[in-house]
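my_file08.cif (mmCIF, C-alpha atoms and all ligand atoms) appears below.
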```
data_my_file
#
loop_
_atom_site.label_atom_id
_atom_site.label_comp_id
_atom_site.auth_asym_id
_atom_site.auth_seq_id
_atom_site.Cartn_x
_atom_site.Cartn_y
_atom_site.Cartn_z
CA MET A 1175 -26.20 -16.35 -37.78
CA VAL A 1176 -24.73 -13.36 -35.90
CA GLN A 1177 -21.43 -14.11 -34.14
CA VAL A 1178 -20.24 -12.16 -31.12
CA ALA A 1179 -16.89 -11.85 -29.34
CA VAL A 1180 -16.64 -10.93 -25.66
CA LEU A 1181 -13.52 -9.04 -24.53
CA GLY A 1182 -12.89 -9.75 -20.84
CA TYR A 1183 -14.24 -12.74 -18.92
CA GLY A 1184 -14.70 -11.06 -15.56
CA THR A 1185 -17.97 -10.39 -13.77
CA VAL A 1186 -19.76 -8.56 -16.60
CA GLY A 1187 -18.14 -10.67 -19.37
CA SER A 1188 -19.28 -13.94 -17.83
CA GLY A 1189 -22.70 -12.32 -17.33
CA VAL A 1190 -22.90 -11.44 -21.03
CA VAL A 1191 -22.16 -15.04 -22.02
CA GLU A 1192 -24.70 -16.28 -19.45
CA VAL A 1193 -27.46 -13.91 -20.67
CA ILE A 1194 -26.91 -14.89 -24.31
CA ASP A 1195 -26.91 -18.59 -23.40
CA LYS A 1196 -29.86 -18.61 -20.96
CA ASN A 1197 -32.04 -16.31 -23.06
CA LYS A 1198 -30.84 -17.64 -26.40
CA GLU A 1199 -34.27 -18.13 -27.88
CA ILE A 1200 -35.53 -14.70 -26.81
CA VAL A 1201 -32.34 -12.92 -27.88
CA SER A 1202 -32.18 -14.68 -31.26
CA GLY A 1203 -35.93 -14.11 -31.72
CA ASN A 1204 -35.46 -10.39 -31.10
CA VAL A 1205 -32.58 -10.27 -33.57
CA GLY A 1206 -34.50 -12.24 -36.19
CA GLN A 1207 -31.73 -14.80 -36.60
CA GLU A 1208 -29.55 -16.96 -34.35
CA LEU A 1209 -27.00 -15.10 -32.22
CA ASP A 1210 -24.06 -16.84 -30.58
CA VAL A 1211 -20.78 -16.16 -28.77
CA LYS A 1212 -17.86 -17.29 -30.90
CA TYR A 1213 -14.89 -16.07 -28.83
CA ILE A 1214 -14.10 -14.92 -25.32
CA LEU A 1215 -10.87 -12.93 -25.02
CA ASP A 1216 -9.01 -13.05 -21.72
CA LEU A 1217 -5.43 -13.33 -20.48
CA ARG A 1218 -6.44 -16.32 -18.37
CA ASP A 1219 -7.59 -19.84 -19.26
CA PHE A 1220 -10.82 -21.25 -17.86
CA PRO A 1221 -10.43 -25.03 -18.34
CA ASP A 1222 -13.32 -25.93 -15.99
CA ASP A 1223 -15.72 -23.34 -17.36
CA PRO A 1224 -18.57 -24.55 -19.63
CA TYR A 1225 -17.52 -21.89 -22.17
CA GLY A 1226 -13.77 -22.50 -21.61
CA ASP A 1227 -13.31 -23.78 -25.18
CA LYS A 1228 -14.26 -20.34 -26.54
CA VAL A 1229 -11.49 -18.58 -24.60
CA ILE A 1230 -8.66 -17.15 -26.71
CA HIS A 1231 -5.76 -14.81 -25.94
CA ASP A 1232 -5.12 -13.00 -29.20
CA ILE A 1233 -7.30 -10.05 -30.26
CA ASP A 1234 -6.20 -10.51 -33.89
CA THR A 1235 -8.14 -13.77 -34.09
CA ILE A 1236 -11.29 -11.72 -33.47
CA LEU A 1237 -10.31 -8.75 -35.61
CA ASN A 1238 -9.46 -10.99 -38.58
CA ASP A 1239 -12.56 -13.18 -38.35
CA ASN A 1240 -15.17 -11.79 -40.73
CA GLU A 1241 -17.85 -13.91 -39.11
CA VAL A 1242 -17.62 -11.80 -35.94
CA SER A 1243 -19.72 -8.70 -36.47
CA ILE A 1244 -20.23 -7.53 -32.87
CA VAL A 1245 -17.73 -7.16 -30.03
CA CYS A 1246 -18.63 -6.69 -26.35
CA GLU A 1247 -15.91 -4.70 -24.59
CA VAL A 1248 -16.37 -5.51 -20.92
CA MET A 1249 -12.70 -5.42 -19.88
CA GLY A 1250 -12.75 -1.95 -18.33
CA GLY A 1251 -9.93 0.60 -18.27
CA VAL A 1252 -8.81 2.99 -20.96
CA GLY A 1253 -5.68 1.19 -22.20
CA ALA A 1254 -6.14 -2.10 -24.06
CA ALA A 1255 -9.92 -1.56 -24.05
CA TYR A 1256 -9.46 1.67 -26.03
CA GLN A 1257 -7.04 0.09 -28.53
CA PHE A 1258 -9.21 -3.00 -29.04
CA THR A 1259 -12.37 -0.91 -29.44
CA LYS A 1260 -10.74 1.30 -32.07
CA ALA A 1261 -9.36 -1.70 -33.94
CA ALA A 1262 -12.75 -3.47 -33.94
CA LEU A 1263 -14.60 -0.35 -35.17
CA GLN A 1264 -11.99 0.18 -37.89
CA LYS A 1265 -12.80 -3.35 -39.08
CA GLY A 1266 -16.49 -2.44 -39.22
CA LYS A 1267 -17.41 -4.47 -36.14
CA SER A 1268 -19.92 -2.84 -33.79
CA VAL A 1269 -18.83 -2.51 -30.18
CA CYS A 1270 -21.11 -2.66 -27.12
CA THR A 1271 -19.64 -1.69 -23.77
CA SER A 1272 -20.20 -1.22 -20.05
CA ASN A 1273 -16.94 0.75 -19.74
CA LYS A 1274 -18.02 4.19 -18.44
CA GLU A 1275 -14.43 5.38 -18.03
CA LEU A 1276 -13.70 4.79 -21.70
CA VAL A 1277 -17.03 6.23 -22.85
CA ALA A 1278 -16.55 9.36 -20.70
CA LYS A 1279 -12.98 9.81 -21.99
CA HIS A 1280 -13.19 8.82 -25.66
CA GLY A 1281 -16.93 8.46 -26.39
CA PRO A 1282 -17.32 11.02 -29.21
CA GLU A 1283 -14.14 9.88 -30.98
CA LEU A 1284 -15.30 6.24 -30.91
CA LEU A 1285 -18.79 7.24 -32.08
CA GLN A 1286 -17.22 9.08 -35.01
CA LEU A 1287 -15.06 6.07 -35.85
CA ALA A 1288 -18.14 3.84 -35.81
CA LYS A 1289 -19.92 6.24 -38.16
CA GLU A 1290 -17.00 6.24 -40.60
CA ASN A 1291 -17.00 2.44 -40.67
CA ASN A 1292 -20.76 1.85 -40.93
CA CYS A 1293 -21.02 0.17 -37.57
CA SER A 1294 -22.09 1.28 -34.09
CA TYR A 1295 -20.71 2.06 -30.65
CA LEU A 1296 -23.36 1.48 -27.97
CA PHE A 1297 -22.91 1.99 -24.24
CA GLU A 1298 -26.23 1.46 -22.45
CA ALA A 1299 -24.54 -0.42 -19.56
CA SER A 1300 -22.09 2.39 -18.85
CA VAL A 1301 -24.67 4.43 -16.90
CA GLY A 1302 -27.17 2.99 -14.47
CA GLY A 1303 -26.18 -0.67 -15.12
CA GLY A 1304 -29.32 -2.47 -16.21
CA ILE A 1305 -31.56 0.63 -16.30
CA PRO A 1306 -32.48 1.72 -19.82
CA ILE A 1307 -31.39 5.38 -19.91
CA ILE A 1308 -29.00 5.85 -22.83
CA ARG A 1309 -31.46 4.50 -25.40
CA PRO A 1310 -34.40 6.49 -23.98
CA LEU A 1311 -32.25 9.64 -24.32
CA ASN A 1312 -30.88 8.71 -27.73
CA ASP A 1313 -33.94 7.07 -29.31
CA CYS A 1314 -37.12 7.90 -27.39
CA LEU A 1315 -36.77 11.45 -26.09
CA THR A 1316 -35.54 12.72 -29.44
CA ALA A 1317 -38.41 15.21 -29.78
CA GLU A 1318 -37.45 16.83 -26.49
CA ARG A 1319 -35.17 19.61 -25.43
CA ILE A 1320 -33.80 18.00 -22.29
CA GLU A 1321 -33.59 20.64 -19.58
CA ASN A 1322 -32.34 18.68 -16.61
CA ILE A 1323 -31.03 15.26 -15.66
CA THR A 1324 -30.68 14.34 -12.00
CA GLY A 1325 -29.66 10.88 -10.94
CA ILE A 1326 -28.74 8.59 -8.12
CA LEU A 1327 -26.04 6.98 -10.20
CA ASN A 1328 -23.98 5.07 -7.67
CA GLY A 1329 -25.28 2.00 -5.88
CA THR A 1330 -22.53 1.75 -3.27
CA THR A 1331 -23.11 5.23 -1.89
CA ASN A 1332 -26.87 4.86 -2.05
CA TYR A 1333 -26.58 1.65 -0.04
CA ILE A 1334 -24.38 3.39 2.55
CA LEU A 1335 -26.69 6.42 2.87
CA THR A 1336 -29.78 4.21 3.12
CA LYS A 1337 -28.16 2.21 5.94
CA MET A 1338 -27.04 5.39 7.72
CA GLU A 1339 -30.60 6.68 7.57
CA ARG A 1340 -32.24 3.46 8.76
CA GLU A 1341 -29.75 2.57 11.48
CA GLY A 1342 -28.57 5.98 12.65
CA ALA A 1343 -25.04 4.70 12.05
CA ASP A 1344 -22.08 6.80 10.99
CA PHE A 1345 -20.37 6.67 7.61
CA ALA A 1346 -17.22 4.77 8.67
CA THR A 1347 -19.19 1.99 10.41
CA VAL A 1348 -21.51 1.42 7.46
CA LEU A 1349 -18.67 1.54 4.93
CA LYS A 1350 -16.72 -1.09 6.88
CA GLU A 1351 -19.75 -3.35 7.05
CA ALA A 1352 -20.45 -2.85 3.33
CA GLN A 1353 -16.85 -3.77 2.54
CA GLU A 1354 -17.04 -6.90 4.70
CA LYS A 1355 -20.17 -7.99 2.84
CA GLY A 1356 -18.56 -7.25 -0.54
CA TYR A 1357 -21.03 -4.45 -1.40
CA ALA A 1358 -18.28 -1.82 -1.34
CA GLU A 1359 -14.84 -2.12 -2.93
CA ARG A 1360 -11.79 -2.50 -0.70
CA ASN A 1361 -10.65 0.77 -2.25
CA PRO A 1362 -13.97 2.66 -2.16
CA GLU A 1363 -12.62 6.04 -3.27
CA ALA A 1364 -14.16 6.14 -6.75
CA ASP A 1365 -17.59 5.50 -5.26
CA VAL A 1366 -17.58 7.42 -1.97
CA GLU A 1367 -15.76 10.47 -3.36
CA GLY A 1368 -18.31 10.73 -6.19
CA HIS A 1369 -15.94 10.06 -9.12
CA ASP A 1370 -18.00 7.13 -10.47
CA ALA A 1371 -21.21 9.21 -10.43
CA CYS A 1372 -19.29 12.08 -12.01
CA ARG A 1373 -18.26 9.99 -15.04
CA LYS A 1374 -21.85 8.86 -15.47
CA ILE A 1375 -23.36 12.34 -15.30
CA ALA A 1376 -20.67 13.51 -17.75
CA ILE A 1377 -21.95 10.91 -20.25
CA LEU A 1378 -25.60 11.86 -19.66
CA SER A 1379 -24.79 15.58 -19.89
CA SER A 1380 -23.01 15.00 -23.19
CA LEU A 1381 -26.08 13.25 -24.56
CA MET A 1382 -28.25 16.08 -23.23
CA THR A 1383 -26.23 18.80 -24.98
CA GLY A 1384 -24.88 16.84 -27.96
CA LYS A 1385 -21.44 18.19 -27.03
CA THR A 1386 -18.66 16.77 -24.86
CA VAL A 1387 -18.90 17.42 -21.14
CA ASP A 1388 -15.50 16.77 -19.56
CA SER A 1389 -15.94 14.75 -16.35
CA GLU A 1390 -12.78 16.30 -14.92
CA LYS A 1391 -14.38 19.74 -14.98
CA ILE A 1392 -17.51 18.74 -13.06
CA TYR A 1393 -17.63 19.92 -9.44
CA THR A 1394 -17.65 16.69 -7.41
CA GLU A 1395 -18.14 16.13 -3.71
CA GLY A 1396 -18.54 12.68 -2.11
CA ILE A 1397 -20.39 11.44 0.96
CA THR A 1398 -17.50 11.00 3.41
CA LYS A 1399 -18.46 14.08 5.43
CA VAL A 1400 -22.13 13.13 5.86
CA THR A 1401 -22.79 12.18 9.49
CA ALA A 1402 -25.47 10.45 11.55
CA ASP A 1403 -26.23 13.90 13.07
CA ASP A 1404 -27.03 15.27 9.60
CA PHE A 1405 -29.57 12.48 9.15
CA VAL A 1406 -31.22 13.49 12.44
CA TYR A 1407 -31.87 16.95 10.98
CA ALA A 1408 -32.85 15.52 7.61
CA LYS A 1409 -35.52 13.43 9.35
CA ALA A 1410 -36.68 16.34 11.51
CA THR A 1411 -37.26 18.45 8.39
CA GLY A 1412 -38.97 15.75 6.29
CA ARG A 1413 -35.93 14.98 4.17
CA THR A 1414 -33.33 12.32 3.48
CA ILE A 1415 -29.76 12.59 2.15
CA LYS A 1416 -28.81 11.31 -1.32
CA LEU A 1417 -25.73 11.61 -3.49
CA LEU A 1418 -27.12 13.33 -6.57
CA ALA A 1419 -25.43 13.80 -9.91
CA LYS A 1420 -27.22 16.62 -11.67
CA SER A 1421 -26.97 18.60 -14.81
CA ASP A 1422 -28.99 21.57 -16.06
CA ALA A 1423 -28.95 22.78 -19.64
CA ILE A 1424 -28.68 26.54 -19.20
CA GLY A 1425 -27.92 27.68 -22.72
CA GLU A 1426 -26.88 26.45 -26.14
CA GLY A 1427 -24.23 23.82 -25.31
CA GLU A 1428 -23.83 25.16 -21.77
CA VAL A 1429 -24.44 23.05 -18.67
CA LEU A 1430 -24.38 23.42 -14.97
CA ALA A 1431 -23.33 20.04 -13.58
CA MET A 1432 -22.32 18.76 -10.18
CA VAL A 1433 -22.11 15.70 -7.97
CA ALA A 1434 -22.76 16.26 -4.27
CA PRO A 1435 -24.83 15.03 -1.32
CA PHE A 1436 -28.23 16.74 -1.20
CA MET A 1437 -31.01 16.80 1.38
CA VAL A 1438 -33.99 15.65 -0.65
CA ASP A 1439 -37.62 16.16 0.30
CA LYS A 1440 -39.12 12.82 1.35
CA ASP A 1441 -41.93 13.25 -1.19
CA HIS A 1442 -39.59 13.53 -4.17
CA PRO A 1443 -39.40 10.27 -6.19
CA LEU A 1444 -35.59 10.26 -5.85
CA ALA A 1445 -35.95 10.12 -2.04
CA MET A 1446 -37.65 6.75 -2.43
CA VAL A 1447 -34.72 5.19 -4.29
CA ASN A 1448 -33.01 3.08 -1.66
CA ASP A 1449 -30.28 0.48 -1.14
CA VAL A 1450 -28.21 -0.32 -4.24
CA PHE A 1451 -30.89 0.92 -6.62
CA ASN A 1452 -30.21 3.78 -9.05
CA ALA A 1453 -32.63 6.19 -10.70
CA VAL A 1454 -32.41 8.90 -13.30
CA PHE A 1455 -34.88 11.77 -13.36
CA VAL A 1456 -35.14 13.51 -16.73
CA ARG A 1457 -37.02 16.72 -17.50
CA GLY A 1458 -37.89 17.48 -21.11
CA ASN A 1459 -39.52 20.70 -22.30
CA MET A 1460 -42.50 18.86 -23.84
CA LEU A 1461 -42.76 15.66 -21.80
CA GLY A 1462 -42.08 17.16 -18.38
CA ASP A 1463 -40.65 14.75 -15.82
CA SER A 1464 -39.88 11.07 -16.34
CA MET A 1465 -37.90 8.70 -14.15
CA TYR A 1466 -35.93 5.54 -14.93
CA TYR A 1467 -35.33 3.19 -12.00
CA GLY A 1468 -33.64 -0.12 -11.42
CA ARG A 1469 -30.46 -1.99 -10.65
CA GLY A 1470 -27.49 0.23 -11.41
CA ALA A 1471 -24.85 -2.47 -11.01
CA GLY A 1472 -24.38 -6.21 -10.72
CA LYS A 1473 -23.39 -8.97 -13.09
CA LEU A 1474 -26.66 -9.88 -14.77
CA PRO A 1475 -28.39 -6.45 -14.83
CA THR A 1476 -25.28 -4.90 -16.43
CA ALA A 1477 -24.81 -7.84 -18.79
CA SER A 1478 -28.46 -7.62 -19.81
CA ALA A 1479 -27.93 -4.00 -20.90
CA VAL A 1480 -24.84 -5.01 -22.91
CA VAL A 1481 -26.77 -7.81 -24.63
CA GLY A 1482 -29.67 -5.42 -25.32
CA ASP A 1483 -27.15 -3.29 -27.21
CA VAL A 1484 -25.87 -6.39 -29.03
CA VAL A 1485 -29.42 -7.11 -30.23
CA GLU A 1486 -29.73 -3.50 -31.45
CA CYS A 1487 -26.44 -3.78 -33.36
CA ALA A 1488 -27.46 -7.15 -34.80
CA ARG A 1489 -30.67 -5.58 -36.10
CA ASN A 1490 -28.63 -2.85 -37.78
CA LEU A 1491 -25.66 -4.72 -39.27
CA GLY A 1492 -23.79 -2.71 -41.89
CA LYS A 1493 -25.42 0.51 -40.64
CA ASN A 1494 -24.46 3.14 -38.12
CA ILE A 1495 -26.88 3.80 -35.25
CA PRO A 1496 -26.57 7.58 -34.86
CA CYS A 1497 -25.83 9.29 -31.57
CA ARG A 1498 -25.89 13.08 -31.08
CA TRP A 1499 -22.59 13.55 -29.24
CA SER A 1500 -19.90 15.60 -30.96
CA THR A 1501 -16.26 16.15 -30.00
CA GLU A 1502 -16.97 19.88 -29.52
CA ASP A 1503 -16.61 20.87 -25.86
CA ALA A 1504 -19.70 21.92 -23.93
CA ILE A 1505 -19.32 24.99 -21.72
CA LEU A 1506 -19.47 24.20 -18.02
CA ALA A 1507 -20.81 26.90 -15.73
CA ASP A 1508 -18.62 27.83 -12.75
CA ALA A 1509 -19.70 25.97 -9.58
CA ALA A 1510 -19.36 29.23 -7.62
CA ASP A 1511 -22.26 30.66 -9.65
CA ILE A 1512 -24.57 27.75 -8.93
CA GLU A 1513 -27.58 28.80 -6.86
CA ASP A 1514 -28.73 26.43 -4.12
CA ALA A 1515 -30.41 26.51 -0.76
CA TYR A 1516 -28.42 24.95 2.09
CA TYR A 1517 -28.75 23.10 5.35
CA VAL A 1518 -26.06 24.25 7.78
CA ARG A 1519 -25.43 22.62 11.16
CA ILE A 1520 -24.00 25.07 13.65
CA LYS A 1521 -22.61 24.85 17.18
CA ALA A 1522 -25.33 25.55 19.77
CA ASP A 1523 -23.42 28.31 21.56
CA ARG A 1524 -23.00 30.38 18.35
CA LYS A 1525 -26.66 31.12 17.72
CA ALA A 1526 -26.37 34.90 18.05
CA GLU A 1527 -23.70 35.01 15.33
CA ALA A 1528 -25.75 32.69 13.10
CA GLN A 1529 -28.78 34.93 13.46
CA LYS A 1530 -26.78 37.88 12.23
CA VAL A 1531 -25.50 35.94 9.20
CA PHE A 1532 -28.55 33.81 8.33
CA GLY A 1533 -31.24 35.99 9.92
CA ASP A 1534 -33.79 35.48 7.15
CA SER A 1535 -33.42 31.66 7.16
CA ARG A 1536 -35.39 28.93 8.90
CA PHE A 1537 -33.79 27.84 12.18
CA VAL A 1538 -34.34 24.23 13.27
CA GLU A 1539 -33.84 23.16 16.86
CA ILE A 1540 -34.42 19.65 18.12
CA ALA A 1541 -35.48 19.09 21.73
CA ASP A 1542 -32.83 17.36 23.91
CA ARG A 1543 -29.97 18.34 21.59
CA ASP A 1544 -27.64 20.76 23.26
CA LYS A 1545 -24.64 20.60 20.93
CA ASP A 1546 -26.07 22.03 17.70
CA PHE A 1547 -28.95 23.53 15.73
CA ALA A 1548 -29.54 23.82 11.98
CA VAL A 1549 -30.36 26.54 9.51
CA LEU A 1550 -32.17 26.01 6.20
CA THR A 1551 -31.18 28.92 3.98
CA ASN A 1552 -32.89 30.57 1.04
CA PRO A 1553 -31.35 29.87 -2.38
CA MET A 1554 -28.13 31.78 -2.94
CA LYS A 1555 -25.01 31.57 -5.07
CA GLU A 1556 -22.35 29.23 -3.79
CA LYS A 1557 -19.82 32.06 -3.40
CA GLU A 1558 -22.32 34.07 -1.33
CA PHE A 1559 -22.95 31.04 0.87
CA ALA A 1560 -19.21 30.40 1.27
CA ALA A 1561 -18.71 34.01 2.38
CA LYS A 1562 -21.44 33.66 5.01
CA CYS A 1563 -19.89 30.43 6.33
CA GLU A 1564 -16.53 32.15 6.51
CA LEU A 1565 -18.03 34.79 8.80
CA LEU A 1566 -19.12 31.99 11.14
CA GLY A 1567 -15.74 30.24 11.02
CA ASP A 1568 -15.53 27.12 13.20
CA ALA A 1569 -19.16 27.52 14.32
CA VAL A 1570 -20.20 25.66 11.16
CA ILE A 1571 -20.09 21.88 11.73
CA SER A 1572 -21.50 20.68 8.42
CA ARG A 1573 -23.39 21.84 5.35
CA ILE A 1574 -25.40 20.04 2.69
CA ARG A 1575 -27.30 21.46 -0.30
CA LEU A 1576 -31.09 21.23 -0.35
CA TYR A 1577 -32.84 19.71 -3.34
N1 LIG B 1601 -19.38 0.96 -8.24
C1 LIG B 1601 -20.52 1.24 -9.03
C2 LIG B 1601 -21.73 1.47 -8.11
C3 LIG B 1601 -20.78 0.10 -9.97
O1 LIG B 1601 -21.61 1.28 -6.91
O2 LIG B 1601 -22.77 1.90 -8.58
C4 LIG B 1601 -21.57 0.44 -11.19
O3 LIG B 1601 -20.96 1.39 -12.00
#
```

What do you get writing this file as structure tokens?
Amino acid sequence: MVQVAVLGYGTVGSGVVEVIDKNKEIVSGNVGQELDVKYILDLRDFPDDPYGDKVIHDIDTILNDNEVSIVCEVMGGVGAAYQFTKAALQKGKSVCTSNKELVAKHGPELLQLAKENNCSYLFEASVGGGIPIIRPLNDCLTAERIENITGILNGTTNYILTKMEREGADFATVLKEAQEKGYAERNPEADVEGHDACRKIAILSSLMTGKTVDSEKIYTEGITKVTADDFVYAKATGRTIKLLAKSDAIGEGEVLAMVAPFMVDKDHPLAMVNDVFNAVFVRGNMLGDSMYYGRGAGKLPTASAVVGDVVECARNLGKNIPCRWSTEDAILADAADIEDAYYVRIKADRKAEAQKVFGDSRFVEIADRDKDFAVLTNPMKEKEFAAKCELLGDAVISRIRLY
């Protein structure tokens, strides 16, 4: 029998217990022996909960119980979660987590600790919720040189952008409605400013290069400046707007990564990823393109990914499941050197100036609109584009990269 402890009985933690209980036969069958939850660690008591008798408050009970071989860290944060994860790995207990913040911050160190103690640190649920993406990168695409990863990695912002597109509504209105329905957090900053997607692309970029990509160094722009007017031009030019997190391998251990809204051609598979769904597009030098799609958040999809990792650990007890992610820093290219094409929305009465600055670009005018027009530029370096926009000053209303 394989015994598991769950750290944190919140949304994902209760999901993990539910998945193991409801799919007990399948999970145990996949392990090859019975798998059960022995402890649930939380500060609170849950007297009316069917698993309330498993709730304990002292981590040492878990650490000192040799019957527990796998720990699910689903508490979140980088304080107690970090300490408990280290302590569990030092005891030779494998740890499975959904905690992207901790993985982005201390991933390689925890992987090394797992290796030293013949156990594993798995984090499938930390990126893309229930979508298998970490294991495909770590186990399936191992014959590939991964050249690019581009993802829609945040469900909240994808939901907001999808609604803005369908309803012609502005950002603030859709955000408020999403908050009222509980789809967006009361403090939505991490999602709408792109920080959540940034942590996730940092993890994927690290797996792509095998080195550590520091999330704090990734150029990150959120969706708060995207307007209903921008969607009008996106539609007129056969595009939609998505928050993309993307990373290109441009040299040995060097990446070009960013999170920003992009106008995406309607025919691109990522343009078809709507509502709260996530997708990750991966290009390998032998395979070419592949895409992974599904629910990037939510109790049961995320818990299912954690339990999938538990099964993998249970199949490999006493062994380390290797992961190519070292503590050595990857080199991040300067955002100013990134080459992109842009959509720029400009005040209608400044067309002559715009023609001088963006003369070789495609100008888009929509009948019955007298306040603005748009320009779709050729690819150019960000610093070159910024200089052009500076020449136009307050004539520029908005700008979004083209994908
Ligand atoms: N807030 C995240 C999202 C949850 O909206 O995708 C999953 O990390």

Enumerate residues in contact with ligand LIG 1601 (chain B): an atom-to-atom distance of at most 10 Å, counting only C-alpha atoms and all ligand atoms. Format the result as a ChimeraX atom specification. /A:1272-1275,1299-1304,1326-1333,1357-1359,1362-1366,1369-1371,1373-1374,1450-1452,1469-1473,1476

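Using all atoms listed in the file, the smallest distance between any of A:Leu1276, A:Ile1233, A:Asp1195, A:Glu1321 and Leu1461 in chain A comes from A:Glu1321.
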
Do you have the CA of Lys1416 in chain A-CA of Met1437 in chain A distance handy? 6.5 Å

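Counting only C-alpha atoms, Lys1440 in chain A has the following residues at most 10 Å away, ignoring those fewer than 5 positions along the same chain: Ala1408, Lys1409, Thr1411, Gly1412, Arg1413, Thr1414, Ile1415, Ala1445 and Met1446 of chain A.
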
Identify, on the basis of all atoms listed in the file, every residue whose closest approach to Ile1571 in chain A does not exceed 10 Å; exclude the query and any residue fewer than 3 positions from it along the same chain; express the result as a VMD selection string. chain A and resid 1404 1518 to 1521 1546 to 1548 1567 to 1568

With only C-alpha atoms as the counted atoms, please give the residues lying no more than 12 Å from Gly1184 in chain A, apart from itself and same-chain residues fewer than 2 positions off, as a PyMOL selection string. chain A and resi 1180-1182+1186-1192+1214-1220+1247-1250+1472-1473+1477

With C-alpha atoms retained, export the selected residues as an mmCIF file, in the frame of the given file.
```
data_model
loop_
_atom_site.group_PDB
_atom_site.id
_atom_site.type_symbol
_atom_site.label_atom_id
_atom_site.label_comp_id
_atom_site.auth_asym_id
_atom_site.auth_seq_id
_atom_site.Cartn_x
_atom_site.Cartn_y
_atom_site.Cartn_z
ATOM 1 C CA VAL A 1180 -16.640 -10.930 -25.660
ATOM 2 C CA LEU A 1181 -13.520 -9.040 -24.530
ATOM 3 C CA GLY A 1182 -12.890 -9.750 -20.840
ATOM 4 C CA VAL A 1186 -19.760 -8.560 -16.600
ATOM 5 C CA GLY A 1187 -18.140 -10.670 -19.370
ATOM 6 C CA SER A 1188 -19.280 -13.940 -17.830
ATOM 7 C CA GLY A 1189 -22.700 -12.320 -17.330
ATOM 8 C CA VAL A 1190 -22.900 -11.440 -21.030
ATOM 9 C CA VAL A 1191 -22.160 -15.040 -22.020
ATOM 10 C CA GLU A 1192 -24.700 -16.280 -19.450
ATOM 11 C CA ILE A 1214 -14.100 -14.920 -25.320
ATOM 12 C CA LEU A 1215 -10.870 -12.930 -25.020
ATOM 13 C CA ASP A 1216 -9.010 -13.050 -21.720
ATOM 14 C CA LEU A 1217 -5.430 -13.330 -20.480
ATOM 15 C CA ARG A 1218 -6.440 -16.320 -18.370
ATOM 16 C CA ASP A 1219 -7.590 -19.840 -19.260
ATOM 17 C CA PHE A 1220 -10.820 -21.250 -17.860
ATOM 18 C CA GLU A 1247 -15.910 -4.700 -24.590
ATOM 19 C CA VAL A 1248 -16.370 -5.510 -20.920
ATOM 20 C CA MET A 1249 -12.700 -5.420 -19.880
ATOM 21 C CA GLY A 1250 -12.750 -1.950 -18.330
ATOM 22 C CA GLY A 1472 -24.380 -6.210 -10.720
ATOM 23 C CA LYS A 1473 -23.390 -8.970 -13.090
ATOM 24 C CA ALA A 1477 -24.810 -7.840 -18.790
#
```

Rank A:Ala1560, A:Ile1200, A:Leu1430, A:Val1549 by their smallest atom-to-atom distance to Val1387 in chain A, using all atoms listed in the file, and report the top residue only. A:Leu1430
